[in-house]
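In what follows, a single structure is set out as structure tokens and then discussed.
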Amino acid sequence: MAKKNIAEDKINLVTLDVEFEDPQILGDLFGEYDRNIVAIEDRLGVYIAARGTKLKIEGEEETATQARDVLIGIYKRLEEGQEIDAAVVEAIIGMVADPRLSKIAKSDNARKPVKTDLSAPPKVMIKTRKKTIFPRSVRQADYMEKLARDDMIFALGPAGTGKTYLAVAQAVSQLITGSVDRLILSRPAVEAGEKIGFLPGDMKEKVDPFLRPLYDALYDTLPAEQVERRIESGEIEIAPIAFMRGRTLADAFVILDEAQNTTTAQMKMFLTRFGMNSRMVICGDPKQVDLPSGATSGLADAVQKLDGVDSVSMVKFGAADVVRHPLVGKIVEAYEGKDAAD
């Protein structure tokens, strides 16, 4: 961002300095071709200049302070050996803008949970073999608390809000700590009108494409060899919802993804598989139902019937909670606005 754009309006402009001890970390702090600095400048409307280990931030007081906190948050995570990519930078920028998450963003030790209520969120951190995951929105912080606490959670909302990814991360965390014995991931195998009987290959080859997002989340939180070994041993099971019939899923963390594409009978069957010492997460977007016209979504039916039941939590995400590329959130908002107008 060019400095002249900031200088056009001198009202309420301040200059803040921040200095870092380890010059070897600064390369990763700036990012390749200074992409992290550019992202902060573009999102917050500030100008950042570096001289040695000292950075000078110019902008309005509020956004300059936020930029400083973002830089501190990135630096602290790099100090601890965490990987920083564009998504993490966007997450930290989002957190510092919200007082309920700002303490997490600039924590002196980002691996220590911050114990609070939603005026500054509770234990909002998930540790896996490959990374430590922090919330990227207030709603994610609420969701992560419920994932660690409640028996059954319905996560509702558009794509890109982290519903399934955070559920898989929590499941992996509980599996590696031994609080559950199995991780069971399921999805309806028929989506967008496609019939798997007409697809080529054996049953595994037919259903694997529908389950690929669950594999992706697993490989992002566990080393590949561990994923494969645990699948072979049965500790991790990935299967279409039809494979759940007749089972009782005890000592397990069970996740149903794309739940809006279940029928009411399938949803009832799945929910009644719940066993002792288990946790169940049902993820879906009620606005993206691919069932035949006139069919009732099992997700909508279950939410209506179970809302208010003890030990059943509901977390509802919106366009503002989308944590993919900022454009995704704008796309979701545009479609929601069009649907409302129609």
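Please note that chains go A, B, ... in the order of the structure tokens, that every chain numbers its residues from 1, and that ligands are numbered from 1 in the order shown.
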
**Message:** When you look at region 35-44 of chain A with a cut-off of 10 Å (counting only C-alpha atoms), what residues show up, excluding the ones that are within fewer than 6 positions of it in the same chain? I need them as a list in words.
**Reply:** Met1, Ala2, Asp28, Leu29, Ile57, Glu58, Gly59, Glu60, Glu62, Thr63, Ala64, Thr65, Gln66, Ala67, Arg68, Val70, Leu71, Ile74, Ile84, Asp85, Ala86, Val88, Val89, Glu90, Ile92, Ile93, Gly94 and Ala97 of chain A

**Request:** Check the smallest atom-to-atom distance from each of A:Ala302, A:Met244, A:Leu55, A:Met144 to Ile72 (chain A) using only C-alpha atoms, then report the winner.
**Result:** A:Leu55

**Request:** Select, from A:Ala239, A:Met152, A:Leu291, A:Ala319, the residue with the minimum atom-to-atom distance to Phe274 (chain A), counting only C-alpha atoms.
**Result:** A:Met152

**Request:** Considering only C-alpha atoms, return as a list in words whatever protein or nucleic-acid residues lie within 10 Å of Ala300 (chain A), sequence-local ones (same chain, fewer than 5 positions apart) excluded.
**Result:**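 Answer for this query is Leu156, Ala259, Gln260, Asn261, Thr262, Thr263, Thr264, Met267, Gly284, Asp285, Pro286, Lys287, Val289 and Lys305 of chain A.
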
Write the residues of the selection above to a file with N, CA and C atoms, as a CSV table (one decimal), in the first residue's frame.
chain,number,residue,atom,x,y,z
A,156,LEU,N,-24.2,-25.5,11.9
A,156,LEU,CA,-25.0,-25.2,10.8
A,156,LEU,C,-24.5,-23.9,10.1
A,259,ALA,N,-24.8,-33.0,6.3
A,259,ALA,CA,-26.0,-33.6,6.9
A,259,ALA,C,-27.3,-33.1,6.3
A,260,GLN,N,-27.2,-32.0,5.6
A,260,GLN,CA,-28.5,-31.5,5.0
A,260,GLN,C,-28.9,-32.5,3.9
A,261,ASN,N,-28.1,-33.3,3.4
A,261,ASN,CA,-28.4,-34.3,2.3
A,261,ASN,C,-28.8,-35.7,2.9
A,262,THR,N,-29.1,-35.7,4.1
A,262,THR,CA,-29.7,-37.0,4.7
A,262,THR,C,-31.2,-36.9,4.7
A,263,THR,N,-31.9,-38.0,4.6
A,263,THR,CA,-33.3,-38.0,4.7
A,263,THR,C,-33.6,-38.1,6.2
A,264,THR,N,-34.9,-37.9,6.6
A,264,THR,CA,-35.3,-37.9,8.0
A,264,THR,C,-35.0,-39.3,8.6
A,267,MET,N,-31.2,-39.6,9.2
A,267,MET,CA,-30.8,-38.8,10.3
A,267,MET,C,-31.2,-39.5,11.6
A,284,GLY,N,-23.7,-29.2,8.6
A,284,GLY,CA,-24.4,-29.1,7.3
A,284,GLY,C,-24.8,-27.7,7.1
A,285,ASP,N,-25.2,-27.4,5.9
A,285,ASP,CA,-25.7,-26.1,5.5
A,285,ASP,C,-27.2,-26.3,5.0
A,286,PRO,N,-28.1,-25.9,5.9
A,286,PRO,CA,-29.6,-26.1,5.6
A,286,PRO,C,-30.0,-25.4,4.3
A,287,LYS,N,-29.2,-24.5,3.7
A,287,LYS,CA,-29.6,-23.8,2.5
A,287,LYS,C,-29.0,-24.5,1.3
A,289,VAL,N,-29.4,-27.9,0.2
A,289,VAL,CA,-30.0,-29.3,0.2
A,289,VAL,C,-30.0,-29.8,-1.3
A,305,LYS,N,-36.6,-30.7,15.9
A,305,LYS,CA,-37.0,-31.6,17.0
A,305,LYS,C,-36.1,-31.5,18.2

**Prompt:** Which one is closest to Gln82 (chain A): A:Ala242, A:Val323, A:Ser297, A:Lys127? Count only C-alpha atoms.
**Reply:** A:Lys127

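Each of A:Phe270, A:Phe243, A:Phe253, A:Tyr143 was checked against Ser173 (chain A) using only C-alpha atoms; the smallest atom-to-atom distance is that of A:Phe253.
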